[in-house]
$ cat final32.cif   # mmCIF, C-alpha atoms
data_input
loop_
_atom_site.label_atom_id
_atom_site.label_comp_id
_atom_site.auth_asym_id
_atom_site.auth_seq_id
_atom_site.Cartn_x
_atom_site.Cartn_y
_atom_site.Cartn_z
CA ARG L 1 -91.92 -67.41 26.47
CA TYR L 2 -89.03 -65.24 25.38
CA LEU L 3 -86.67 -62.81 27.09
CA THR L 4 -85.48 -59.74 25.19
CA GLU L 5 -81.77 -58.97 25.14
CA GLY L 6 -81.36 -55.21 25.56
CA GLY L 7 -83.39 -52.64 23.67
CA PRO L 8 -84.93 -52.96 20.20
CA ILE L 9 -82.46 -53.58 17.38
CA SER L 10 -84.86 -51.88 14.99
CA GLU L 11 -87.69 -49.47 15.77
CA THR L 12 -87.33 -46.48 13.41
CA ALA L 13 -90.53 -47.34 11.51
CA ALA L 14 -92.48 -47.58 14.77
CA TYR L 15 -92.62 -43.79 15.03
CA HIS L 16 -94.35 -43.26 11.67
CA ILE L 17 -98.01 -42.57 12.36
CA THR L 18 -99.30 -44.65 9.41
CA SER L 19 -96.79 -47.50 9.75
CA ARG L 20 -97.16 -50.98 11.21
CA ALA L 21 -95.33 -49.74 14.34
CA THR L 22 -92.77 -52.51 13.90
CA ARG L 23 -90.17 -53.16 16.59
CA VAL L 24 -87.58 -55.93 16.53
CA TRP L 25 -85.66 -57.52 19.41
CA LEU L 26 -83.00 -60.15 19.86
CA VAL L 27 -84.47 -62.78 22.24
CA ARG L 28 -83.74 -66.07 23.97
CA GLU L 29 -86.32 -68.72 24.81
CA ILE L 30 -87.24 -69.30 28.47
CA PHE L 31 -87.52 -72.88 29.75
CA ASN L 32 -88.90 -74.16 33.05
CA ARG L 33 -86.37 -76.44 34.67
CA PRO L 34 -87.97 -79.64 35.94
CA GLY L 35 -87.74 -80.24 39.69
CA ASP L 36 -86.83 -76.85 41.13
CA GLY L 37 -89.30 -74.69 39.15
CA LYS L 38 -86.60 -72.23 38.14
CA HIS L 39 -86.03 -70.88 34.66
CA SER L 40 -83.22 -71.33 32.18
CA LEU L 41 -82.45 -69.60 28.88
CA SER L 42 -81.72 -71.15 25.52
CA ASP L 43 -78.19 -70.92 24.16
CA ASP L 44 -79.54 -69.92 20.75
CA TYR L 45 -80.74 -66.43 19.91
CA PHE L 46 -83.85 -65.66 17.89
CA VAL L 47 -85.51 -62.55 16.49
CA LEU L 48 -88.85 -61.27 17.81
CA ARG L 49 -90.86 -58.85 15.70
CA ASP L 50 -93.79 -56.93 17.20
CA ALA L 51 -96.12 -55.18 14.74
CA TRP L 52 -99.67 -53.97 14.07
CA LEU L 53 -101.17 -55.34 10.86
CA TYR L 54 -104.55 -54.64 9.33
CA SER L 55 -107.14 -56.64 11.23
CA ASP L 56 -108.18 -58.55 8.10
CA ALA L 57 -104.58 -59.38 7.07
CA LYS L 58 -103.12 -62.87 7.02
CA LEU L 59 -100.14 -63.71 9.17
CA GLU L 60 -96.81 -63.88 7.38
CA SER L 61 -96.48 -67.58 8.18
CA GLU L 62 -99.91 -68.25 6.65
CA ILE L 63 -98.88 -66.58 3.40
CA ARG L 64 -95.54 -68.37 3.30
CA ASN L 65 -97.24 -71.72 3.95
CA ASP L 66 -99.68 -71.09 1.10
CA ILE L 67 -96.75 -70.31 -1.22
CA PHE L 68 -95.05 -73.57 -0.23
CA GLU L 69 -98.30 -75.49 -0.62
CA ARG L 70 -98.70 -74.24 -4.17
CA LEU L 71 -95.05 -74.93 -4.99
CA SER L 72 -95.32 -78.46 -3.58
CA LYS L 73 -97.54 -79.32 -6.54
CA ILE L 74 -94.80 -78.41 -9.04
CA ALA L 75 -92.12 -81.03 -9.62
CA ALA L 76 -88.43 -80.09 -9.64
CA GLU L 77 -85.20 -82.05 -10.10
CA GLU L 78 -84.40 -85.41 -8.45
CA GLY L 79 -87.92 -86.11 -7.26
CA LYS L 80 -88.18 -82.91 -5.24
CA THR L 81 -90.73 -80.13 -5.58
CA LEU L 82 -90.25 -76.40 -6.00
CA ALA L 83 -91.28 -76.01 -2.36
CA ASP L 84 -88.15 -77.92 -1.29
CA ALA L 85 -86.00 -75.68 -3.48
CA ALA L 86 -87.67 -72.48 -2.26
CA LYS L 87 -87.44 -72.99 1.52
CA PRO L 88 -83.80 -71.84 1.92
CA TYR L 89 -84.74 -68.39 0.61
CA PHE L 90 -87.50 -67.62 3.14
CA MET L 91 -87.49 -67.07 6.90
CA THR L 92 -88.17 -69.97 9.28
CA PHE L 93 -90.93 -69.28 11.81
CA LYS L 94 -90.52 -70.54 15.34
CA LYS L 95 -93.82 -68.93 16.31
CA ASP L 96 -96.26 -66.53 14.67
CA TRP L 97 -99.40 -65.44 16.48
CA ARG L 98 -102.10 -62.83 17.02
CA VAL L 99 -101.66 -61.25 20.46
CA GLU L 100 -104.47 -61.72 22.97
CA PHE L 101 -105.18 -60.20 26.39
CA ASP L 102 -107.71 -61.86 28.68
CA GLY L 103 -108.76 -64.15 25.85
CA LYS L 104 -109.51 -61.28 23.44
CA ARG L 105 -107.46 -60.27 20.41
CA ASP L 106 -105.57 -56.99 20.79
CA ILE L 107 -107.20 -54.83 18.12
CA SER L 108 -107.07 -51.05 17.71
CA PHE L 109 -110.07 -48.69 17.61
CA GLU L 110 -112.94 -49.88 15.43
CA LEU L 111 -115.57 -47.64 13.86
CA PRO L 112 -119.23 -48.07 14.81
CA LEU L 113 -121.57 -49.82 12.39
CA ASP L 114 -123.05 -46.49 11.22
CA TYR L 115 -119.61 -44.95 10.56
CA SER L 116 -120.63 -44.02 6.99
CA ASP L 117 -122.42 -41.00 8.44
CA SER L 118 -119.42 -39.89 10.52
CA SER L 119 -116.72 -37.35 9.70
CA LEU L 120 -114.20 -40.15 9.14
CA THR L 121 -115.68 -40.86 5.73
CA GLY L 122 -113.79 -39.17 2.89
CA LEU L 123 -113.19 -39.43 -0.80
CA VAL L 124 -110.08 -40.75 -2.50
CA PRO L 125 -108.84 -38.02 -4.89
CA THR L 126 -108.61 -39.14 -8.49
CA PHE L 127 -105.20 -39.76 -10.02
CA ALA L 128 -105.51 -36.87 -12.44
CA ALA L 129 -106.66 -34.42 -9.80
CA ARG L 130 -103.86 -35.46 -7.45
CA HIS L 131 -101.20 -34.61 -10.01
CA ALA L 132 -102.90 -31.54 -11.38
CA SER L 133 -103.10 -30.03 -7.91
CA GLY L 134 -99.31 -30.01 -7.60
CA SER L 135 -99.58 -30.88 -3.90
CA GLN L 136 -97.84 -34.21 -4.23
CA ARG L 137 -95.08 -33.52 -6.74
CA SER L 138 -93.84 -29.94 -6.88
CA THR L 139 -91.03 -30.83 -9.32
CA LEU L 140 -93.39 -31.61 -12.22
CA SER L 141 -93.34 -29.22 -15.12
CA ALA L 142 -96.54 -27.81 -16.60
CA LYS L 143 -96.15 -30.24 -19.50
CA ASP L 144 -95.97 -33.20 -17.11
CA VAL L 145 -99.00 -32.03 -15.16
CA ASN L 146 -101.09 -31.66 -18.31
CA LYS L 147 -99.95 -35.07 -19.55
CA ASP L 148 -100.99 -36.74 -16.30
CA ALA L 149 -104.27 -34.84 -16.19
CA ARG L 150 -105.33 -36.44 -19.48
CA LEU L 151 -105.22 -39.91 -17.91
CA PRO L 152 -108.55 -41.54 -17.04
CA ALA L 153 -109.34 -40.54 -13.49
CA GLY L 154 -111.78 -43.30 -12.67
CA PRO L 155 -114.66 -43.12 -10.18
CA GLU L 156 -114.28 -41.58 -6.75
CA GLN L 157 -114.04 -44.11 -3.96
CA LYS L 158 -114.82 -43.88 -0.30
CA LEU L 159 -111.94 -44.42 2.08
CA LYS L 160 -112.15 -47.68 3.97
CA HIS L 161 -111.16 -47.61 7.61
CA HIS L 162 -108.92 -50.46 8.73
CA SER L 163 -108.44 -51.31 12.37
CA ARG L 164 -105.11 -52.89 13.36
CA MET L 165 -104.36 -56.16 15.10
CA HIS L 166 -101.34 -56.81 17.30
CA VAL L 167 -99.11 -59.66 16.05
CA ARG L 168 -95.79 -61.11 17.15
CA THR L 169 -93.42 -63.32 15.18
CA VAL L 170 -90.33 -65.22 16.28
CA TYR L 171 -87.83 -66.09 13.53
CA GLU L 172 -85.11 -68.68 13.85
CA GLU L 173 -82.60 -66.80 11.70
CA VAL L 174 -80.69 -63.79 13.03
CA CYS L 175 -79.96 -61.58 10.01
CA GLU L 176 -78.76 -58.19 8.87
CA SER L 177 -80.91 -56.06 6.59
CA MET L 178 -79.39 -54.34 3.57
CA TYR L 179 -79.34 -51.16 5.67
CA GLU L 180 -76.76 -52.86 7.92
CA VAL L 181 -74.69 -54.79 5.37
CA GLN L 182 -71.37 -53.11 4.59
CA ASN L 183 -69.68 -55.66 2.32
CA PHE L 184 -70.45 -55.30 -1.39
CA GLY L 185 -70.12 -59.04 -2.01
CA ASP L 186 -72.62 -59.83 0.76
CA LEU L 187 -75.05 -57.35 -0.79
CA LEU L 188 -74.80 -58.98 -4.22
CA ARG L 189 -75.30 -62.48 -2.84
CA ALA L 190 -78.25 -61.37 -0.71
CA LEU L 191 -79.94 -59.63 -3.65
CA ASP L 192 -79.30 -62.63 -5.90
CA ASP L 193 -81.03 -64.91 -3.38
CA SER L 194 -83.89 -62.42 -2.98
CA VAL L 195 -84.44 -62.54 -6.75
CA LYS L 196 -84.66 -66.34 -6.48
CA ALA L 197 -87.25 -65.99 -3.72
CA LEU L 198 -89.29 -63.64 -5.90
CA TRP L 199 -89.09 -66.14 -8.76
CA TYR L 200 -90.50 -68.88 -6.54
CA MET L 201 -93.26 -66.54 -5.40
CA ARG L 202 -94.10 -65.89 -9.03
CA LYS L 203 -94.28 -69.62 -9.75
CA ALA L 204 -96.74 -69.87 -6.86
CA GLY L 205 -98.82 -67.04 -8.33
CA TYR L 206 -97.72 -64.36 -5.84
CA VAL L 207 -96.14 -60.90 -5.93
CA HIS L 208 -94.37 -59.44 -2.88
CA ARG L 209 -95.28 -55.70 -3.23
CA ASP L 210 -92.98 -54.54 -0.41
CA VAL L 211 -89.40 -55.33 -1.46
CA SER L 212 -87.00 -52.95 0.29
CA ALA L 213 -83.61 -52.77 1.97
CA GLY L 214 -85.36 -53.65 5.23
CA ASN L 215 -86.75 -57.02 4.19
CA CYS L 216 -83.96 -58.32 1.94
CA LEU L 217 -81.79 -59.96 4.59
CA TRP L 218 -78.33 -61.45 4.91
CA HIS L 219 -78.07 -64.52 7.15
CA ILE L 220 -74.67 -64.11 8.77
CA ASP L 221 -74.24 -67.73 9.88
CA GLY L 222 -75.68 -69.32 6.77
CA LYS L 223 -73.99 -66.88 4.39
CA HIS L 224 -77.04 -66.53 2.16
CA GLY L 225 -79.89 -64.14 1.49
CA LEU L 226 -83.48 -64.35 2.76
CA LEU L 227 -86.69 -62.54 1.86
CA SER L 228 -89.07 -61.53 4.66
CA ASP L 229 -92.15 -59.40 5.39
CA LEU L 230 -94.76 -61.17 3.27
CA GLU L 231 -97.79 -59.46 4.83
CA TYR L 232 -98.44 -57.35 1.73
CA ALA L 233 -97.90 -60.24 -0.68
CA ARG L 234 -100.90 -61.01 -2.89
CA ARG L 235 -101.91 -63.66 -5.37
CA TYR L 236 -102.39 -62.40 -8.90
CA ASP L 237 -106.10 -63.17 -8.71
CA GLU L 238 -106.39 -61.00 -5.57
CA LEU L 239 -104.89 -57.85 -7.12
CA ALA L 240 -107.12 -54.91 -7.94
CA GLY L 241 -106.39 -51.64 -9.68
CA HIS L 242 -107.62 -49.60 -6.69
CA ASP L 243 -105.42 -51.28 -4.05
CA PRO L 244 -103.55 -48.74 -1.88
CA LYS L 245 -99.84 -48.42 -2.52
CA THR L 246 -97.52 -50.49 -0.35
CA GLY L 247 -93.77 -50.33 0.08
CA THR L 248 -90.92 -47.93 0.83
CA PRO L 249 -90.87 -45.00 -1.66
CA SER L 250 -87.10 -45.14 -2.29
CA PHE L 251 -87.41 -48.73 -3.52
CA MET L 252 -90.79 -48.67 -5.28
CA ALA L 253 -91.00 -49.28 -9.03
CA VAL L 254 -91.58 -46.10 -11.02
CA GLU L 255 -94.65 -47.48 -12.81
CA TYR L 256 -96.13 -48.50 -9.47
CA GLN L 257 -95.56 -45.01 -8.04
CA GLU L 258 -97.24 -43.38 -11.02
CA GLN L 259 -99.95 -46.05 -11.29
CA ARG L 260 -99.66 -46.27 -15.06
CA HIS L 261 -97.78 -48.28 -17.66
CA LEU L 262 -94.70 -46.52 -19.02
CA PHE L 263 -93.38 -49.39 -21.12
CA LEU L 264 -96.12 -50.91 -23.25
CA PRO L 265 -95.36 -53.19 -26.22
CA PRO L 266 -95.30 -51.28 -29.54
CA LYS L 267 -98.33 -51.50 -31.79
CA ARG L 268 -97.78 -53.72 -34.80
CA ASP L 269 -98.64 -52.54 -38.30
CA THR L 270 -100.90 -55.16 -39.84
CA VAL L 271 -102.80 -55.27 -43.11
CA LEU L 272 -106.46 -55.99 -42.48
CA SER L 273 -108.78 -57.57 -44.98
CA ALA L 274 -112.19 -56.09 -45.65
CA LYS L 275 -113.64 -58.78 -43.39
CA ASP L 276 -111.38 -57.91 -40.49
CA LYS L 277 -111.61 -54.13 -40.78
CA PRO L 278 -113.25 -52.54 -37.75
CA SER L 279 -116.74 -51.19 -38.11
CA LYS L 280 -117.42 -47.48 -38.07
CA LYS L 281 -119.66 -47.91 -35.06
CA LYS L 282 -118.39 -45.86 -32.14
CA THR L 283 -117.27 -47.89 -29.15
CA LYS L 284 -115.73 -46.85 -25.86
CA PRO L 285 -111.94 -47.28 -25.86
CA LYS L 286 -110.63 -49.96 -23.55
CA GLY L 287 -108.05 -48.60 -21.11
CA ASN L 288 -105.06 -50.50 -19.78
CA ARG L 289 -105.87 -51.21 -16.15
CA PHE L 290 -102.76 -50.89 -14.04
CA THR L 291 -101.92 -53.66 -11.57
CA PHE L 292 -98.75 -54.63 -9.76
CA ASN L 293 -96.65 -57.35 -11.40
CA TYR L 294 -93.50 -59.43 -10.95
CA TYR L 295 -91.27 -56.96 -12.78
CA HIS L 296 -92.14 -54.24 -10.27
CA ASP L 297 -90.75 -56.51 -7.53
CA LEU L 298 -87.58 -56.96 -9.57
CA GLU L 299 -87.20 -53.22 -10.07
CA SER L 300 -87.21 -52.81 -6.28
CA ILE L 301 -84.13 -55.06 -6.15
CA LEU L 302 -82.44 -52.69 -8.60
CA TRP L 303 -83.28 -49.68 -6.42
CA ILE L 304 -81.71 -51.41 -3.39
CA TYR L 305 -78.54 -51.82 -5.45
CA VAL L 306 -78.65 -48.13 -6.43
CA TRP L 307 -79.20 -47.16 -2.78
CA PHE L 308 -76.15 -49.17 -1.68
CA LEU L 309 -73.94 -47.56 -4.34
CA HIS L 310 -74.92 -44.11 -3.10
CA TYR L 311 -74.78 -44.64 0.67
CA ARG L 312 -72.21 -47.40 1.22
CA ILE L 313 -69.56 -46.60 -1.40
CA PRO L 314 -67.31 -45.03 -0.27
CA ASP L 315 -67.82 -46.84 3.04
CA ASP L 316 -66.26 -43.97 5.04
CA PRO L 317 -68.05 -40.70 4.18
CA PHE L 318 -66.32 -38.87 7.08
CA PRO L 319 -62.60 -39.78 6.94
CA GLN L 320 -60.05 -38.49 9.45
CA GLU L 321 -57.85 -36.94 6.76
CA PRO L 322 -59.12 -34.19 4.43
CA ARG L 323 -60.23 -35.42 1.03
CA GLU L 324 -58.64 -34.45 -2.23
CA PRO L 325 -60.63 -31.79 -4.17
CA ARG L 326 -61.61 -34.33 -6.81
CA GLU L 327 -62.89 -36.77 -4.17
CA SER L 328 -64.95 -34.01 -2.58
CA ARG L 329 -66.51 -33.11 -5.94
CA ASP L 330 -67.31 -36.76 -6.65
CA LEU L 331 -68.90 -37.16 -3.23
CA HIS L 332 -70.98 -34.02 -3.72
CA PHE L 333 -72.18 -35.36 -7.06
CA LEU L 334 -73.09 -38.64 -5.34
CA TYR L 335 -75.20 -36.83 -2.74
CA GLN L 336 -76.97 -34.84 -5.46
CA SER L 337 -77.71 -38.03 -7.37
CA ALA L 338 -79.09 -39.72 -4.24
CA ASN L 339 -81.36 -36.75 -3.60
CA GLN L 340 -82.71 -36.93 -7.15
CA LEU L 341 -83.23 -40.70 -7.31
CA LEU L 342 -83.98 -41.85 -3.77
CA HIS L 343 -85.64 -38.96 -1.92
CA CYS L 344 -89.32 -39.10 -2.87
CA ASP L 345 -92.78 -39.97 -1.63
CA THR L 346 -95.10 -42.70 -2.90
CA GLY L 347 -95.90 -40.55 -5.93
CA GLY L 348 -92.30 -40.79 -7.17
CA SER L 349 -90.32 -37.95 -8.72
CA GLN L 350 -89.38 -36.57 -12.10
CA GLY L 351 -85.78 -37.67 -11.57
CA ARG L 352 -86.74 -41.30 -10.99
CA ARG L 353 -88.90 -41.30 -14.12
#
$ encode --input "final32.cif" --output "structure tokens"
Amino acid sequence: RYLTEGGPISETAAYHITSRATRVWLVREIFNRPGDGKHSLSDDYFVLRDAWLYSDAKLESEIRNDIFERLSKIAAEEGKTLADAAKPYFMTFKKDWRVEFDGKRDISFELPLDYSDSSLTGLVPTFAARHASGSQRSTLSAKDVNKDARLPAGPEQKLKHHSRMHVRTVYEEVCESMYEVQNFGDLLRALDDSVKALWYMRKAGYVHRDVSAGNCLWHIDGKHGLLSDLEYARRYDELAGHDPKTGTPSFMAVEYQEQRHLFLPPKRDTVLSAKDKPSKKKTKPKGNRFTFNYYHDLESILWIYVWFLHYRIPDDPFPQEPREPRESRDLHFLYQSANQLLHCDTGGSQGRR
């Protein structure tokens, strides 16, 4: 059992209707004292996270353990494995569980078995139609809209309803997210360690898919960075082109937002022999299926860095003394740049492209 200390230290995301309703508290463990039956509190503080994940999702600890299990099969230096080297860059779980009441898991509303005939069934708009409509990205020019509309739209898909399950996690490390970090050196060290964590995930065959300023953490006592929130992490063999987008728009990779490859390797000019020349028989062109990859995770790290430069430097946006005219102009330019690069939805923006 755990006792919360004050109100939530983070709950902004809990008020978004489509979010995981995440709230975070600082807690202390409760112990029963032998003999008198009274309670005592631990001297150490921990972090409790309360959230609602998709009912078919794995717990974060289960994903992390699978990553370590895969890395344990890869040898590293001095007789150790990559799992030993990776552990300092991930959170330590004191407890991670699915919440139950009266012996039953706490799960949100579930659709009846014949839900396919109900009004909750809809169609996912195609990529081309979404852009051509102009409803998602009003800043696109007519040229951009036409360019996107020529992309293969793919088949329409029925929306899949996901119920949510209530989960709670207690972490041993008390950290600051990149939203809270003020020191530029701490930011750089935290991001450097987060890149190492992503590299280990890649070696284990995983991508994170949700790298943001909220889950790249700075461990104050340990003076090192940690990567958290692995619920959206997937193995490469689990990825599919129709997976819904995950992540915070300000930190999402541009290719991932647009769901298409922007940087493909150039075609090589080769001389074909008569034997190797393609036949004149018409065949359907093979498209490049878009899937999330390791470099999209890395780009999210870059966007965190860009975010910090815009919102933490200068570290005092409202000084007591009036600014010099040049400082005011520079600050205005900074705000304009932030609006162009960081204010967007999951579809991205022309400025980010």
$ closest_residue --input "final32.cif" --among "L:Leu341, L:Leu217, L:Leu309, L:Val211" --to "Asp186 of chain L" --atoms "all atoms listed in the file"
L:Leu217
$ resolve_selection --input "final32.cif" --expression "the PyMOL selection byres ((chain L and resi 255) around 12)" --output "PyMOL selection string"
chain L and resi 245+251-254+256-264+290-293+295-297+299-300+346-349+352-353
$ axis_aligned_box --input "final32.cif" --around "segment 197-210 of chain L" --padding-each-side "6 Å" --output "AutoDock Vina command-line options"
--center_x -93.0 --center_y -62.2 --center_z -5.1 --size_x 23.6 --size_y 27.3 --size_z 21.3
$ atom_distance --input "final32.cif" --atom1 "atom CA of Lys104 of chain L" --atom2 "atom CA of His162 of chain L"
18.3 Å
$ atom_distance --input "final32.cif" --atom1 "atom CA of Arg168 of chain L" --atom2 "atom CA of Glu238 of chain L"
25.1 Å
$ resolve_selection --input "final32.cif" --expression "the PyMOL selection byres ((chain L and resi 233) around 10)" --output "list in words"
Lys58, Glu60, Ile63, Arg64, Met201, Tyr206, Val207, His208, Arg209, Asp210, Val211, Asp229, Leu230, Glu231, Tyr232, Arg234, Arg235, Tyr236, Glu238, Leu239 and Thr246 of chain L
